[in-house]
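For reference, coords_26.txt (compact mmCIF, C-alpha atoms):
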# COMPACT_ATOMS: atom_id res chain seq x y z
CA MET T 1 111.18 101.02 124.88
CA ALA T 2 108.19 100.64 122.54
CA ALA T 3 104.80 101.44 124.01
CA THR T 4 102.38 98.56 124.49
CA VAL T 5 98.69 98.45 123.71
CA THR T 6 96.67 96.42 126.20
CA PHE T 7 93.66 94.51 124.82
CA ARG T 8 91.44 94.22 127.92
CA PRO T 9 87.98 92.59 127.92
CA ALA T 10 86.03 95.79 128.55
CA ARG T 11 88.01 97.63 125.92
CA SER T 12 87.67 94.83 123.38
CA ARG T 13 83.92 95.44 123.39
CA ARG T 14 84.51 99.03 122.32
CA LEU T 15 87.40 98.81 119.88
CA LEU T 16 85.55 97.72 116.77
CA GLY T 17 82.58 99.83 117.75
CA GLU T 18 84.78 102.92 117.80
CA LEU T 19 85.98 102.10 114.31
CA GLU T 20 82.54 101.37 112.85
CA ARG T 21 80.26 103.36 115.19
CA ASP T 22 77.10 105.02 113.97
CA THR T 23 77.48 108.76 114.54
CA THR T 24 73.80 109.59 114.91
CA ARG T 25 74.42 110.99 118.40
CA ARG T 26 76.92 113.50 116.98
CA PRO T 27 76.44 116.21 114.39
CA VAL T 28 76.56 114.73 110.88
CA GLU T 29 79.98 115.34 109.33
CA PRO T 30 80.87 115.25 105.63
CA ARG T 31 82.00 111.93 104.20
CA SER T 32 85.77 111.64 104.28
CA LEU T 33 88.56 109.25 103.35
CA ARG T 34 89.71 109.60 106.95
CA ALA T 35 87.40 106.71 107.90
CA LEU T 36 88.95 104.38 105.29
CA GLY T 37 90.84 101.35 106.62
CA PRO T 38 92.38 98.17 105.22
CA ASN T 39 89.22 96.28 106.20
CA TRP T 40 87.48 97.86 103.21
CA PHE T 41 89.39 95.51 100.90
CA ALA T 42 87.22 92.72 102.28
CA ALA T 43 84.55 94.07 99.91
CA VAL T 44 86.83 93.20 96.98
CA MET T 45 87.44 89.74 98.42
CA GLY T 46 83.74 89.11 98.96
CA THR T 47 82.79 90.31 95.49
CA GLY T 48 85.64 88.49 93.76
CA ILE T 49 84.83 85.14 95.38
CA VAL T 50 81.26 85.33 94.05
CA ALA T 51 82.75 85.39 90.54
CA ASN T 52 85.52 82.85 91.13
CA ALA T 53 83.24 80.30 92.79
CA ALA T 54 80.79 80.51 89.89
CA ALA T 55 83.53 79.85 87.32
CA THR T 56 84.01 76.24 88.46
CA LEU T 57 80.66 75.53 90.14
CA PRO T 58 79.53 71.92 89.45
CA LEU T 59 76.17 73.20 88.17
CA GLN T 60 76.61 75.42 85.14
CA PHE T 61 73.74 77.01 83.22
CA PRO T 62 73.46 79.56 80.40
CA GLY T 63 74.31 83.08 81.53
CA LEU T 64 76.17 82.05 84.69
CA ARG T 65 79.64 82.60 83.25
CA GLY T 66 78.63 85.94 81.75
CA ALA T 67 77.19 87.10 85.07
CA ALA T 68 80.29 85.88 86.91
CA THR T 69 82.50 87.79 84.47
CA ALA T 70 80.53 90.96 85.16
CA VAL T 71 80.97 90.44 88.91
CA TRP T 72 84.72 89.87 88.39
CA ALA T 73 84.91 93.15 86.46
CA SER T 74 83.12 94.90 89.33
CA ALA T 75 85.61 93.45 91.82
CA ALA T 76 88.53 94.55 89.64
CA LEU T 77 87.13 98.08 89.36
CA LEU T 78 86.52 98.21 93.10
CA LEU T 79 90.10 97.08 93.70
CA VAL T 80 91.43 99.93 91.58
CA VAL T 81 89.19 102.50 93.30
CA LEU T 82 90.11 101.31 96.79
CA THR T 83 93.82 101.13 95.97
CA VAL T 84 93.81 104.75 94.80
CA ALA T 85 91.69 105.84 97.78
CA PHE T 86 93.94 103.94 100.19
CA ALA T 87 97.04 105.64 98.75
CA MET T 88 95.36 109.05 99.08
CA HIS T 89 94.35 108.19 102.65
CA ARG T 90 97.93 107.40 103.62
CA MET T 91 99.18 110.66 102.14
CA ARG T 92 96.41 112.85 103.57
CA TYR T 93 95.93 111.17 106.96
CA PRO T 94 99.26 109.51 107.84
CA GLU T 95 98.51 109.64 111.57
CA VAL T 96 95.31 107.64 111.05
CA ALA T 97 97.18 105.07 108.94
CA ARG T 98 99.76 104.70 111.72
CA SER T 99 96.99 104.28 114.29
CA HIS T 100 95.54 101.40 112.23
CA ARG T 101 98.90 99.63 112.39
CA ASP T 102 98.92 99.90 116.18
CA HIS T 103 95.24 99.10 116.71
CA PRO T 104 94.64 95.63 118.27
CA VAL T 105 91.66 95.04 115.95
CA MET T 106 92.28 97.00 112.76
CA ALA T 107 95.92 95.92 112.39
CA HIS T 108 94.83 92.36 111.56
CA PHE T 109 92.84 93.55 108.57
CA TYR T 110 96.03 94.47 106.74
CA GLY T 111 95.68 90.90 105.50
CA ALA T 112 92.70 91.99 103.38
CA PRO T 113 94.56 94.01 100.67
CA PRO T 114 96.84 91.13 99.58
CA MET T 115 93.89 88.71 99.51
CA ALA T 116 91.93 91.22 97.42
CA LEU T 117 94.80 91.33 94.89
CA LEU T 118 95.04 87.54 94.79
CA THR T 119 91.28 87.05 94.40
CA VAL T 120 90.99 89.47 91.50
CA GLY T 121 94.12 87.97 89.93
CA GLY T 122 92.67 84.47 90.07
CA GLY T 123 89.41 85.74 88.62
CA THR T 124 91.31 87.36 85.76
CA LEU T 125 92.70 83.98 84.73
CA LEU T 126 89.43 82.10 85.30
CA LEU T 127 87.04 84.66 83.78
CA GLY T 128 88.86 87.74 82.52
CA ARG T 129 90.56 85.72 79.79
CA ASP T 130 87.21 85.73 77.96
CA VAL T 131 87.37 89.52 77.82
CA ILE T 132 91.05 90.44 77.48
CA GLY T 133 92.53 87.23 76.10
CA LEU T 134 94.71 84.57 77.73
CA GLY T 135 98.00 86.41 77.25
CA ALA T 136 96.84 89.62 78.92
CA ALA T 137 95.03 87.67 81.65
CA LEU T 138 98.21 85.77 82.49
CA THR T 139 100.21 89.01 82.67
CA VAL T 140 97.69 90.63 84.99
CA ASP T 141 97.43 87.52 87.15
CA TRP T 142 101.21 87.12 87.48
CA VAL T 143 101.54 90.75 88.57
CA LEU T 144 98.66 90.60 91.07
CA TRP T 145 99.77 87.22 92.39
CA SER T 146 103.36 88.39 92.86
CA VAL T 147 102.41 91.62 94.62
CA GLY T 148 99.68 89.95 96.68
CA THR T 149 102.00 87.13 97.73
CA ALA T 150 104.77 89.52 98.78
CA LEU T 151 102.35 91.64 100.82
CA GLY T 152 100.71 88.55 102.28
CA LEU T 153 104.01 87.11 103.49
CA MET T 154 104.82 90.49 105.03
CA THR T 155 101.54 90.59 106.97
CA ALA T 156 102.00 86.97 108.07
CA VAL T 157 105.24 88.04 109.76
CA ALA T 158 104.68 91.68 110.72
CA ILE T 159 101.24 91.52 112.36
CA PRO T 160 101.94 88.52 114.63
CA TYR T 161 105.29 90.11 115.49
CA ARG T 162 103.50 93.26 116.64
CA MET T 163 101.11 91.10 118.67
CA PHE T 164 104.10 89.44 120.35
CA THR T 165 106.02 92.65 121.06
CA HIS T 166 103.61 95.60 121.05
CA HIS T 167 100.17 94.47 122.21
CA ARG T 168 99.37 93.04 125.62
CA ILE T 169 96.69 90.49 124.82
CA GLU T 170 94.13 89.42 127.42
CA PRO T 171 92.79 85.83 127.62
CA ASP T 172 89.41 86.72 126.07
CA ALA T 173 90.80 88.81 123.22
CA ALA T 174 90.97 86.15 120.47
CA PHE T 175 88.55 86.73 117.59
CA GLY T 176 88.19 85.69 113.96
CA GLY T 177 90.11 88.70 112.69
CA TRP T 178 93.32 87.20 114.10
CA LEU T 179 93.28 84.89 111.07
CA MET T 180 93.36 87.71 108.53
CA PRO T 181 97.17 88.22 108.52
CA VAL T 182 98.03 84.51 108.23
CA VAL T 183 95.50 83.43 105.58
CA PRO T 184 96.97 85.35 102.57
CA PRO T 185 99.73 82.74 101.97
CA MET T 186 97.01 80.07 101.72
CA VAL T 187 95.21 82.18 99.11
CA SER T 188 98.55 82.55 97.31
CA ALA T 189 98.93 78.75 97.34
CA ALA T 190 95.48 78.24 95.81
CA MET T 191 95.77 80.99 93.21
CA GLY T 192 99.38 80.06 92.48
CA ALA T 193 98.30 76.51 91.65
CA LEU T 194 96.35 77.94 88.71
CA LEU T 195 99.56 79.55 87.42
CA VAL T 196 101.84 76.51 87.83
CA PRO T 197 101.09 75.04 84.35
CA TYR T 198 101.90 78.42 82.79
CA ALA T 199 105.26 78.83 84.55
CA PRO T 200 108.38 78.09 82.46
CA GLU T 201 109.27 74.40 82.53
CA GLY T 202 112.13 73.20 84.68
CA GLN T 203 113.34 74.77 87.90
CA LEU T 204 111.02 77.78 87.73
CA ARG T 205 107.89 75.63 87.55
CA LEU T 206 109.23 73.30 90.25
CA THR T 207 110.04 76.28 92.47
CA MET T 208 106.55 77.67 91.90
CA ILE T 209 104.72 74.56 93.08
CA LEU T 210 107.09 73.98 96.00
CA LEU T 211 106.66 77.61 97.08
CA CYS T 212 102.89 77.16 96.97
CA LEU T 213 103.15 73.98 99.05
CA ALA T 214 105.35 75.79 101.59
CA MET T 215 102.85 78.66 101.85
CA PHE T 216 100.07 76.09 102.26
CA GLY T 217 101.88 74.67 105.29
CA LEU T 218 102.83 78.06 106.68
CA SER T 219 99.27 79.30 106.67
CA LEU T 220 97.70 75.99 107.70
CA ILE T 221 99.73 75.58 110.89
CA ALA T 222 99.37 79.24 111.88
CA SER T 223 95.62 79.00 111.27
CA ILE T 224 95.25 75.84 113.35
CA VAL T 225 97.01 77.53 116.27
CA THR T 226 94.80 80.61 115.93
CA ILE T 227 91.53 78.68 115.52
CA THR T 228 92.39 76.74 118.70
CA MET T 229 92.72 80.04 120.59
CA ILE T 230 89.40 81.27 119.18
CA TRP T 231 87.65 78.03 120.23
CA SER T 232 89.20 78.32 123.69
CA ARG T 233 88.04 81.94 123.98
CA LEU T 234 84.47 80.97 123.08
CA VAL T 235 84.44 78.11 125.59
CA HIS T 236 85.97 79.98 128.52
CA HIS T 237 84.51 83.46 128.05
CA ASP T 238 81.34 85.17 126.86
CA LEU T 239 80.52 85.50 123.18
CA PRO T 240 82.18 88.46 121.44
CA PRO T 241 80.22 91.73 121.35
CA ALA T 242 77.54 91.81 118.67
CA ASN T 243 79.53 93.97 116.24
CA MET T 244 82.28 91.31 116.21
CA ILE T 245 80.02 88.26 115.79
CA PRO T 246 80.41 88.22 111.96
CA THR T 247 84.16 87.68 112.41
CA LEU T 248 83.37 84.14 113.60
CA CYS T 249 82.76 83.30 109.95
CA ILE T 250 86.37 84.22 109.11
CA VAL T 251 87.38 80.84 110.57
CA LEU T 252 85.80 79.24 107.50
CA GLY T 253 88.35 81.06 105.31
CA PRO T 254 91.50 79.06 106.07
CA LEU T 255 89.46 75.85 106.27
CA GLY T 256 87.80 76.16 102.89
CA GLN T 257 90.84 77.74 101.24
CA SER T 258 93.15 74.97 102.47
CA VAL T 259 90.86 72.35 100.91
CA THR T 260 90.82 74.39 97.70
CA ALA T 261 94.60 74.84 97.68
CA ALA T 262 95.31 71.15 98.33
CA GLY T 263 92.98 70.10 95.51
CA LEU T 264 94.30 72.63 92.99
CA LEU T 265 97.94 71.83 93.80
CA ALA T 266 97.20 68.13 93.29
CA LYS T 267 95.65 68.98 89.93
CA ALA T 268 98.72 71.04 88.96
CA GLY T 269 101.16 68.36 90.12
CA PRO T 270 101.36 66.28 86.90
CA SER T 271 102.81 69.24 84.99
CA VAL T 272 105.95 69.30 87.13
CA LEU T 273 106.18 66.59 89.80
CA PRO T 274 107.18 62.91 89.39
CA GLU T 275 104.29 60.45 89.17
CA LEU T 276 104.84 59.12 92.69
CA TYR T 277 104.58 62.60 94.24
CA THR T 278 101.62 63.47 92.07
CA LYS T 279 99.68 60.42 93.28
CA GLY T 280 100.65 61.14 96.87
CA LEU T 281 99.54 64.75 96.58
CA THR T 282 96.21 63.66 95.12
CA VAL T 283 95.61 61.16 97.93
CA PHE T 284 96.59 63.77 100.52
CA SER T 285 94.28 66.38 98.97
CA VAL T 286 91.28 64.04 99.25
CA ILE T 287 91.96 62.71 102.78
CA PHE T 288 92.93 66.11 104.15
CA GLY T 289 90.19 67.82 102.19
CA VAL T 290 87.33 65.61 103.37
CA ALA T 291 88.46 65.81 107.02
CA THR T 292 88.88 69.57 106.93
CA TRP T 293 85.63 70.00 105.01
CA GLY T 294 83.85 68.16 107.82
CA PHE T 295 85.20 70.54 110.45
CA ALA T 296 84.31 73.51 108.22
CA MET T 297 80.69 72.31 108.10
CA LEU T 298 80.72 71.99 111.90
CA TRP T 299 82.02 75.53 112.30
CA LEU T 300 79.50 76.81 109.75
CA ALA T 301 76.67 75.32 111.83
CA LEU T 302 78.06 76.76 115.07
CA ALA T 303 78.63 80.21 113.59
CA ALA T 304 75.14 80.20 112.04
CA ALA T 305 73.60 79.32 115.41
CA VAL T 306 75.42 82.19 117.13
CA ILE T 307 74.43 84.62 114.35
CA VAL T 308 70.76 83.58 114.60
CA LYS T 309 70.88 84.00 118.40
CA THR T 310 72.38 87.49 118.06
CA THR T 311 69.91 88.46 115.35
CA ARG T 312 66.92 87.36 117.41
CA ALA T 313 68.19 89.52 120.25
CA GLY T 314 68.14 92.50 117.85
CA GLU T 315 71.84 93.17 118.40
CA LEU T 316 73.30 92.43 114.95
CA LYS T 317 73.67 95.87 113.38
CA PHE T 318 75.44 96.42 110.08
CA ASN T 319 79.13 97.25 110.00
CA MET T 320 81.99 96.34 107.66
CA THR T 321 82.62 93.04 109.46
CA TRP T 322 79.54 91.74 107.63
CA TRP T 323 81.83 91.16 104.65
CA GLY T 324 83.07 88.23 106.73
CA PHE T 325 79.88 86.45 105.65
CA THR T 326 81.08 86.32 102.02
CA PHE T 327 84.69 85.37 101.24
CA PRO T 328 85.01 82.62 103.88
CA LEU T 329 81.76 81.03 102.70
CA GLY T 330 83.04 81.27 99.13
CA THR T 331 86.14 79.25 100.03
CA CYS T 332 83.88 76.47 101.32
CA ILE T 333 82.22 76.45 97.90
CA THR T 334 85.52 76.23 96.00
CA GLY T 335 86.72 73.57 98.45
CA SER T 336 83.55 71.53 97.88
CA THR T 337 84.00 71.94 94.14
CA VAL T 338 87.56 70.58 94.07
CA LEU T 339 86.52 67.66 96.28
CA TYR T 340 83.74 66.89 93.82
CA GLY T 341 86.29 66.99 91.01
CA HIS T 342 88.55 64.48 92.77
CA THR T 343 85.90 62.14 94.19
CA GLY T 344 82.84 62.52 91.96
CA ALA T 345 80.69 62.47 95.12
CA ASP T 346 77.37 64.26 94.65
CA LEU T 347 77.55 65.28 98.33
CA PHE T 348 80.15 67.90 97.49
CA ALA T 349 78.42 69.07 94.31
CA VAL T 350 75.10 69.62 96.11
CA THR T 351 76.84 71.36 99.00
CA ALA T 352 78.70 73.68 96.61
CA VAL T 353 75.48 74.69 94.84
CA VAL T 354 73.49 75.20 98.05
CA LEU T 355 76.27 77.26 99.64
CA TYR T 356 76.62 79.31 96.46
CA ILE T 357 72.96 80.29 96.63
CA GLY T 358 73.58 81.40 100.21
CA LEU T 359 76.73 83.27 99.15
CA VAL T 360 74.92 85.25 96.47
CA ALA T 361 72.15 86.15 98.91
CA ALA T 362 74.66 87.22 101.60
CA TRP T 363 76.71 89.22 99.09
CA ALA T 364 73.61 91.04 97.80
CA VAL T 365 72.55 92.03 101.33
CA VAL T 366 76.01 93.13 102.45
CA ALA T 367 76.74 95.01 99.23
CA ALA T 368 73.40 96.85 99.46
CA HIS T 369 74.07 97.87 103.07
CA THR T 370 77.58 99.01 102.15
CA ILE T 371 76.41 101.14 99.22
CA ARG T 372 73.72 102.69 101.38
CA GLY T 373 76.22 103.26 104.18
CA VAL T 374 78.62 105.05 101.83
CA HIS T 375 75.99 107.34 100.35
CA THR T 376 73.73 108.07 103.30
CA GLY T 377 75.20 106.42 106.38
CA PRO T 378 78.21 106.67 108.65
CA LEU T 379 80.72 104.46 106.82
CA LEU T 380 82.78 107.33 105.43
CA ARG T 381 82.25 109.79 108.24
CA PRO T 382 85.24 110.44 110.48
CA THR T 383 85.18 108.64 113.81
CA PRO T 384 87.16 109.46 116.92
CA ALA T 385 90.63 107.94 117.13
CA ALA T 386 90.54 104.62 118.96
Please express what this file holds, its structure, as structure tokens.
Amino acid sequence: MAATVTFRPARSRRLLGELERDTTRRPVEPRSLRALGPNWFAAVMGTGIVANAAATLPLQFPGLRGAATAVWASAALLLVVLTVAFAMHRMRYPEVARSHRDHPVMAHFYGAPPMALLTVGGGTLLLGRDVIGLGAALTVDWVLWSVGTALGLMTAVAIPYRMFTHHRIEPDAAFGGWLMPVVPPMVSAAMGALLVPYAPEGQLRLTMILLCLAMFGLSLIASIVTITMIWSRLVHHDLPPANMIPTLCIVLGPLGQSVTAAGLLAKAGPSVLPELYTKGLTVFSVIFGVATWGFAMLWLALAAAVIVKTTRAGELKFNMTWWGFTFPLGTCITGSTVLYGHTGADLFAVTAVVLYIGLVAAWAVVAAHTIRGVHTGPLLRPTPAA
């Protein structure tokens, strides 16, 4: 019989802390890949979305596209570095890698690597084409989309399965990270919509858009179920411990990304679907998008209020969950942008620009803390096994 891991309230307040804990009370140890986990790929996601959101932002000005292309290149380089480091980590510290798979918190962040691949792939088509040409950009994007989609579908099945069969989950255990394994198919749907017009005509192109629509539904329904559990946890129990507060922002990810995916799939529809279905998909993308966008703005306000409360109490200390401030917010920007494209409403254009300013500020702060943590702090120092 497989062993079970119980996620009890008292322990839930320690789990992430054990993974991210400052080691100032212990002798300083050399930096090591041993501390590397799949959650590090959130840095690629957060950096990549800064570039991707800028590429289609309603307000364009000289230098923006060039700056966004440089950020995309940084995300691509970071993806390569982390992929190599992650492979070395698994070879050198296999027992740590196995412990991540069994950890009630860290296991969910295996959804980050596929989303990192998909984000960089989409940026390659949107921005990288200016550097390497359309043909090379399409090749890179197809490869990254295919690998990211395969890995994302695996996490969407494997991680919930382990929750059902391996972990004993307590009523107050739900947190934003539970969304990480089920959101990658939604990112695949959005990034796949960009590739639909470039797929071979006929059955292959039809299969591509239908697959994206199926992944949209897969991720949407799983996310709604999970968000409901997170809301229930917040209503019936105390707020999460301070080092898990940033994960509340992860809820914005499936909301904003679903609006983005619906809008992009509607835009791709005319290249493959009959006119009737194309019109229906466009209508659905606007009605669904506006309704979901409204709830995303509600959650953004609630999450911001909790973050301000925690900050005022002096409890919000930096850890890698701060990257949750970036990618989810970026999806709200891309969602607002596609709604602006379909409706022409200035409400969505202004929201996209305002949120983008906030995204850049959040990314700059989190990136600076991460760089400092790698060079002088505890981020790459070994921590005790959880």
**OP:** Grab the CA of Leu77 (chain T) to CA of Val44 (chain T) distance for me, in Å with one decimal place.
**Re:** 9.1 Å
**OP:** Compute the distance from (93.4, 86.5, 112.6) to each atom, counting all atoms listed in the file, keep the residues with any atom at most 10 Å away, and return them as an MDAnalysis selection string; use the coordinates of the file.
**Re:** chainID T and resid 105 107:109 111 156 159:160 174:183 222:223 226:227 230 247 250:251
Show me a table, sorted first by chain and then by increasing residue number, of the residues of region 65-159 of chain T having an atom at most 12 Å from region 316-332 of chain T, each with its shortest atom pair and the distance in Å to one decimal, counting only C-alpha atoms and written as a Markdown table.
| residue | atom | partner | partner_atom | distance |
| --- | --- | --- | --- | --- |
| T:Val105 | CA | T:Thr321 | CA | 11.3 |
| T:Met106 | CA | T:Thr321 | CA | 10.9 |
| T:Phe109 | CA | T:Thr321 | CA | 10.3 |
| T:Ala112 | CA | T:Phe327 | CA | 10.6 |
| T:Met115 | CA | T:Phe327 | CA | 9.9 |
| T:Ala116 | CA | T:Phe327 | CA | 10.1 |
| T:Thr119 | CA | T:Phe327 | CA | 9.6 |
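Interatomic distance, CA of Ala67 (chain T) to CA of Gly148 (chain T): 25.5 Å.
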Original post:
Using only C-alpha atoms, which residue out of T:Leu194, T:Ala68, T:Ala97, T:Leu204 lies closest to Arg34 (chain T)?
Top reply: T:Ala97
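Computed from the coordinates, the CA of Leu206 (chain T) to CA of Leu117 (chain T) distance equals 23.6 Å.
All residues that come within 6 Å of the coordinates (99.2, 88.4, 97.3), counting only C-alpha atoms, are given as Pro114, Met115, Leu117, Leu118, Trp145, Val147, Gly148, Thr149, Ala150, Leu151, Gly152 and Ser188 of chain T.
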C-alpha atoms of the current selection, written as a short mmCIF file (atom, residue, chain, number, x, y, z; two decimals), in the coordinates of the input:
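This went into out_8.cif:
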data_model
loop_
_atom_site.label_atom_id
_atom_site.label_comp_id
_atom_site.auth_asym_id
_atom_site.auth_seq_id
_atom_site.Cartn_x
_atom_site.Cartn_y
_atom_site.Cartn_z
CA PRO T 114 96.84 91.13 99.58
CA MET T 115 93.89 88.71 99.51
CA LEU T 117 94.80 91.33 94.89
CA LEU T 118 95.04 87.54 94.79
CA TRP T 145 99.77 87.22 92.39
CA VAL T 147 102.41 91.62 94.62
CA GLY T 148 99.68 89.95 96.68
CA THR T 149 102.00 87.13 97.73
CA ALA T 150 104.77 89.52 98.78
CA LEU T 151 102.35 91.64 100.82
CA GLY T 152 100.71 88.55 102.28
CA SER T 188 98.55 82.55 97.31
#
Original post:
Which polymer residues have any atom within 9 Å of an atom of region 78-90 of chain T, counting all atoms listed in the file, with same-chain residues fewer than 5 positions away left out, as a ChimeraX atom specification?
Top reply: /T:33-38,40-41,43-44,73,95-98,113,116-117,120
**OP:** Can you work out which one of T:Leu252, T:Ala261, T:Ala268, T:Met215 has the shortest atom-to-atom distance to Gly294 (chain T), counting only C-alpha atoms?
**Re:** T:Leu252
Hey, what's within 12 Å of Thr311 (chain T) if we count only C-alpha atoms and toss same-chain stuff fewer than 5 positions away? As a short mmCIF file (atom, residue, chain, number, x, y, z; two decimals) with C-alpha atoms, in the frame of the given file, please?
data_model
loop_
_atom_site.label_atom_id
_atom_site.label_comp_id
_atom_site.auth_asym_id
_atom_site.auth_seq_id
_atom_site.Cartn_x
_atom_site.Cartn_y
_atom_site.Cartn_z
CA ALA T 242 77.54 91.81 118.67
CA ASN T 243 79.53 93.97 116.24
CA ILE T 245 80.02 88.26 115.79
CA PRO T 246 80.41 88.22 111.96
CA ALA T 304 75.14 80.20 112.04
CA ALA T 305 73.60 79.32 115.41
CA VAL T 306 75.42 82.19 117.13
CA LEU T 316 73.30 92.43 114.95
CA LYS T 317 73.67 95.87 113.38
CA PHE T 318 75.44 96.42 110.08
#
Write out as JSON an axis-aligned box for region 147-164 of chain T: all of its atoms listed in the file, 6 Å added on each side, centre and edge lengths in Å with one decimal.
{"center_x": 102.5, "center_y": 90.1, "center_z": 107.5, "size_x": 17.6, "size_y": 18.3, "size_z": 37.7}
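Remark: for Trp299 (chain T), the closest of the candidate residues T:Val366, T:Cys249, T:Leu211, T:Ile169 is T:Cys249 (distances computed over only C-alpha atoms).
The smallest atom-to-atom distance between Lys309 (chain T) and any of T:Gly263, T:Asp172, T:Leu239, T:Val50, using only C-alpha atoms, is found for T:Leu239.
Closest to Gly192 (chain T) among T:Leu248, T:Met229, T:Ala137, T:Leu265 is T:Leu265, based on all atoms listed in the file.
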Subject >> Contacts of Met208 (chain T) at 10 Å (all atoms listed in the file; same-chain gap of 3+ positions) as a ChimeraX atom specification >> reply: /T:189,192-193,195-197,199-200,203-205,211-214,272
Next, write the just-selected residues to a file, as a PDB file, in the frame of the given file, keeping C-alpha atoms as the atom set.
ATOM      1  CA  ALA T 189      98.930  78.750  97.340  1.00  0.00           C
ATOM      2  CA  GLY T 192      99.380  80.060  92.480  1.00  0.00           C
ATOM      3  CA  ALA T 193      98.300  76.510  91.650  1.00  0.00           C
ATOM      4  CA  LEU T 195      99.560  79.550  87.420  1.00  0.00           C
ATOM      5  CA  VAL T 196     101.840  76.510  87.830  1.00  0.00           C
ATOM      6  CA  PRO T 197     101.090  75.040  84.350  1.00  0.00           C
ATOM      7  CA  ALA T 199     105.260  78.830  84.550  1.00  0.00           C
ATOM      8  CA  PRO T 200     108.380  78.090  82.460  1.00  0.00           C
ATOM      9  CA  GLN T 203     113.340  74.770  87.900  1.00  0.00           C
ATOM     10  CA  LEU T 204     111.020  77.780  87.730  1.00  0.00           C
ATOM     11  CA  ARG T 205     107.890  75.630  87.550  1.00  0.00           C
ATOM     12  CA  LEU T 211     106.660  77.610  97.080  1.00  0.00           C
ATOM     13  CA  CYS T 212     102.890  77.160  96.970  1.00  0.00           C
ATOM     14  CA  LEU T 213     103.150  73.980  99.050  1.00  0.00           C
ATOM     15  CA  ALA T 214     105.350  75.790 101.590  1.00  0.00           C
ATOM     16  CA  VAL T 272     105.950  69.300  87.130  1.00  0.00           C
TER      17      VAL T 272
END
Subject >> Given only C-alpha atoms as the counted atoms, nearest of T:Ile333, T:Leu255, T:Leu355, T:Leu59 to Ile224 (chain T) >> reply: T:Leu255
